[in-house]
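Trainee: Before we start, here is the structure in question, set down as structure tokens.
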Amino acid sequence: MTNELAKMLKDAGFPQHGAKNAPYVPNLGELIAECGNRFWSLRRTPDGKWIAAGHLTQNSSKIPYYESTSYDEPDTAAAELFLSIKVHEHEKDSNNK
């Protein structure tokens with residue numbers, strides 16, 4: 001994971017677990033855990049890339065469903081899903097004001 005992506009996670013509210021100067025770089029398990037019940041799957045494509053999928057709404061039985069871009073690393077796909085969930089929450093909160 002790049003430092004730029006770690007900073008994006010920090011800016012989106014990802015827990016920093018004691019990081020002081022640089023943004024915390026979470027592992028795959030932490031990324032999935034922070035997605036909560038919205039995380040649905042992480043799969044490997046035939047060409048060896050990774051895609052994370054989940055629901056952007058609290059109720060996982062309803063759409064919108066989200067699927068990340070394909071990445072070389074599974075943690076990057078999960079990070080994109082986390083960021084998409086946060087963007088969706090922010091847009092929803094903005095629309096409710």
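Ordering of the structure tokens sets the chain letters (A, B, ...); residue numbers start at 1 within each chain; ligands are numbered from 1 in the order shown.
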When DSSP works through the backbone of this structure, what residues of chain A end up as alpha helix (DSSP H), shown as an NGL selection string?
Mentor: :A and (3-11 or 28-35 or 74-95)
Trainee: Go ahead and write the residues just picked, N, CA and C atoms, as a compact mmCIF listing (two decimals), in the first residue's frame.
Mentor:
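For reference, part.txt as written:
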```txt
# COMPACT_ATOMS: atom_id res chain seq x y z
N ASN A 3 1.93 5.24 0.58
CA ASN A 3 1.72 6.23 1.63
C ASN A 3 0.54 7.14 1.28
N GLU A 4 0.37 7.42 0.00
CA GLU A 4 -0.75 8.26 -0.44
C GLU A 4 -2.09 7.60 -0.10
N LEU A 5 -2.19 6.30 -0.34
CA LEU A 5 -3.42 5.58 -0.01
C LEU A 5 -3.62 5.53 1.51
N ALA A 6 -2.56 5.31 2.25
CA ALA A 6 -2.66 5.32 3.72
C ALA A 6 -3.14 6.68 4.22
N LYS A 7 -2.67 7.77 3.61
CA LYS A 7 -3.13 9.10 3.99
C LYS A 7 -4.60 9.29 3.66
N MET A 8 -5.04 8.77 2.51
CA MET A 8 -6.45 8.85 2.16
C MET A 8 -7.31 8.11 3.18
N LEU A 9 -6.84 6.95 3.63
CA LEU A 9 -7.56 6.20 4.67
C LEU A 9 -7.63 7.02 5.96
N LYS A 10 -6.51 7.61 6.34
CA LYS A 10 -6.48 8.44 7.55
C LYS A 10 -7.47 9.59 7.43
N ASP A 11 -7.45 10.28 6.30
CA ASP A 11 -8.35 11.42 6.08
C ASP A 11 -9.81 11.00 6.09
N LEU A 28 -4.68 -6.30 5.81
CA LEU A 28 -5.91 -6.70 5.14
C LEU A 28 -7.04 -6.98 6.13
N GLY A 29 -6.74 -7.67 7.20
CA GLY A 29 -7.76 -7.98 8.21
C GLY A 29 -8.36 -6.73 8.82
N GLU A 30 -7.53 -5.73 9.10
CA GLU A 30 -8.02 -4.48 9.67
C GLU A 30 -8.92 -3.74 8.68
N LEU A 31 -8.55 -3.76 7.41
CA LEU A 31 -9.37 -3.10 6.38
C LEU A 31 -10.74 -3.76 6.28
N ILE A 32 -10.74 -5.07 6.25
CA ILE A 32 -12.01 -5.80 6.16
C ILE A 32 -12.86 -5.54 7.41
N ALA A 33 -12.24 -5.57 8.57
CA ALA A 33 -12.97 -5.33 9.82
C ALA A 33 -13.60 -3.94 9.83
N GLU A 34 -12.89 -2.93 9.35
CA GLU A 34 -13.43 -1.57 9.34
C GLU A 34 -14.57 -1.40 8.34
N CYS A 35 -14.63 -2.25 7.33
CA CYS A 35 -15.77 -2.21 6.40
C CYS A 35 -17.02 -2.77 7.08
N PRO A 74 -4.37 -7.39 -2.52
CA PRO A 74 -5.71 -7.46 -1.94
C PRO A 74 -6.01 -6.31 -0.98
N ASP A 75 -5.00 -5.82 -0.25
CA ASP A 75 -5.26 -4.73 0.69
C ASP A 75 -5.66 -3.44 -0.02
N THR A 76 -5.15 -3.22 -1.21
CA THR A 76 -5.51 -2.01 -1.96
C THR A 76 -6.96 -2.08 -2.42
N ALA A 77 -7.41 -3.25 -2.83
CA ALA A 77 -8.81 -3.42 -3.22
C ALA A 77 -9.73 -3.20 -2.02
N ALA A 78 -9.36 -3.74 -0.86
CA ALA A 78 -10.16 -3.55 0.35
C ALA A 78 -10.14 -2.09 0.79
N ALA A 79 -9.01 -1.41 0.62
CA ALA A 79 -8.93 0.01 0.97
C ALA A 79 -9.86 0.83 0.09
N GLU A 80 -9.93 0.52 -1.19
CA GLU A 80 -10.85 1.23 -2.08
C GLU A 80 -12.29 1.02 -1.63
N LEU A 81 -12.63 -0.19 -1.24
CA LEU A 81 -13.99 -0.46 -0.76
C LEU A 81 -14.28 0.37 0.49
N PHE A 82 -13.35 0.41 1.44
CA PHE A 82 -13.54 1.21 2.66
C PHE A 82 -13.76 2.68 2.30
N LEU A 83 -12.93 3.21 1.41
CA LEU A 83 -13.06 4.62 1.02
C LEU A 83 -14.40 4.87 0.33
N SER A 84 -14.85 3.95 -0.48
CA SER A 84 -16.13 4.11 -1.17
C SER A 84 -17.29 4.11 -0.18
N ILE A 85 -17.20 3.28 0.84
CA ILE A 85 -18.23 3.26 1.89
C ILE A 85 -18.26 4.63 2.58
N LYS A 86 -17.10 5.16 2.90
CA LYS A 86 -17.03 6.46 3.58
C LYS A 86 -17.56 7.59 2.69
N VAL A 87 -17.24 7.57 1.42
CA VAL A 87 -17.75 8.59 0.49
C VAL A 87 -19.27 8.50 0.42
N HIS A 88 -19.79 7.28 0.34
CA HIS A 88 -21.24 7.09 0.28
C HIS A 88 -21.90 7.62 1.55
N GLU A 89 -21.31 7.34 2.71
CA GLU A 89 -21.86 7.84 3.98
C GLU A 89 -21.87 9.37 4.00
N HIS A 90 -20.78 9.97 3.53
CA HIS A 90 -20.69 11.43 3.51
C HIS A 90 -21.73 12.04 2.58
N GLU A 91 -21.89 11.45 1.39
CA GLU A 91 -22.90 11.95 0.44
C GLU A 91 -24.30 11.79 1.01
N LYS A 92 -24.56 10.67 1.66
CA LYS A 92 -25.87 10.44 2.24
C LYS A 92 -26.15 11.45 3.35
N ASP A 93 -25.15 11.71 4.20
CA ASP A 93 -25.31 12.69 5.27
C ASP A 93 -25.53 14.09 4.69
N SER A 94 -24.81 14.43 3.62
CA SER A 94 -24.97 15.74 2.99
C SER A 94 -26.35 15.91 2.39
N ASN A 95 -26.89 14.86 1.83
CA ASN A 95 -28.22 14.91 1.21
C ASN A 95 -29.34 14.99 2.24
```
Trainee: What does the distance from atom CA of Glu67 of chain A to atom CA of Gly54 of chain A come to in Å, to one decimal?
Mentor: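 Atom-to-atom, atom CA of Glu67 of chain A and atom CA of Gly54 of chain A are spaced 6.6 Å apart.
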Trainee: Please, what distance in Å, to one decimal, runs between atom CA of His55 of chain A and atom CA of Asn37 of chain A?
Mentor: 8.5 Å
Trainee: From the options A:Met1, A:Val25, A:Ala19, A:Leu56, which residue's atoms come nearest to Phe39 of chain A, counting only C-alpha atoms?
Mentor: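 Of A:Met1, A:Val25, A:Ala19, A:Leu56, the one nearest Phe39 of chain A, counting only C-alpha atoms, is A:Leu56.
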Trainee: Could you work out how far atom CA of Gly18 of chain A lies from atom CA of Arg38 of chain A, giving the answer in Å with one decimal?
Mentor: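 Atom CA of Arg38 of chain A sits 25.5 Å away from atom CA of Gly18 of chain A.
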Trainee: Quick check for you: according to DSSP on this backbone, which residues of chain A are classed as strand (DSSP E or B)? Reply as a ChimeraX atom specification.
Mentor: /A:39-44,50-55,65-67,71
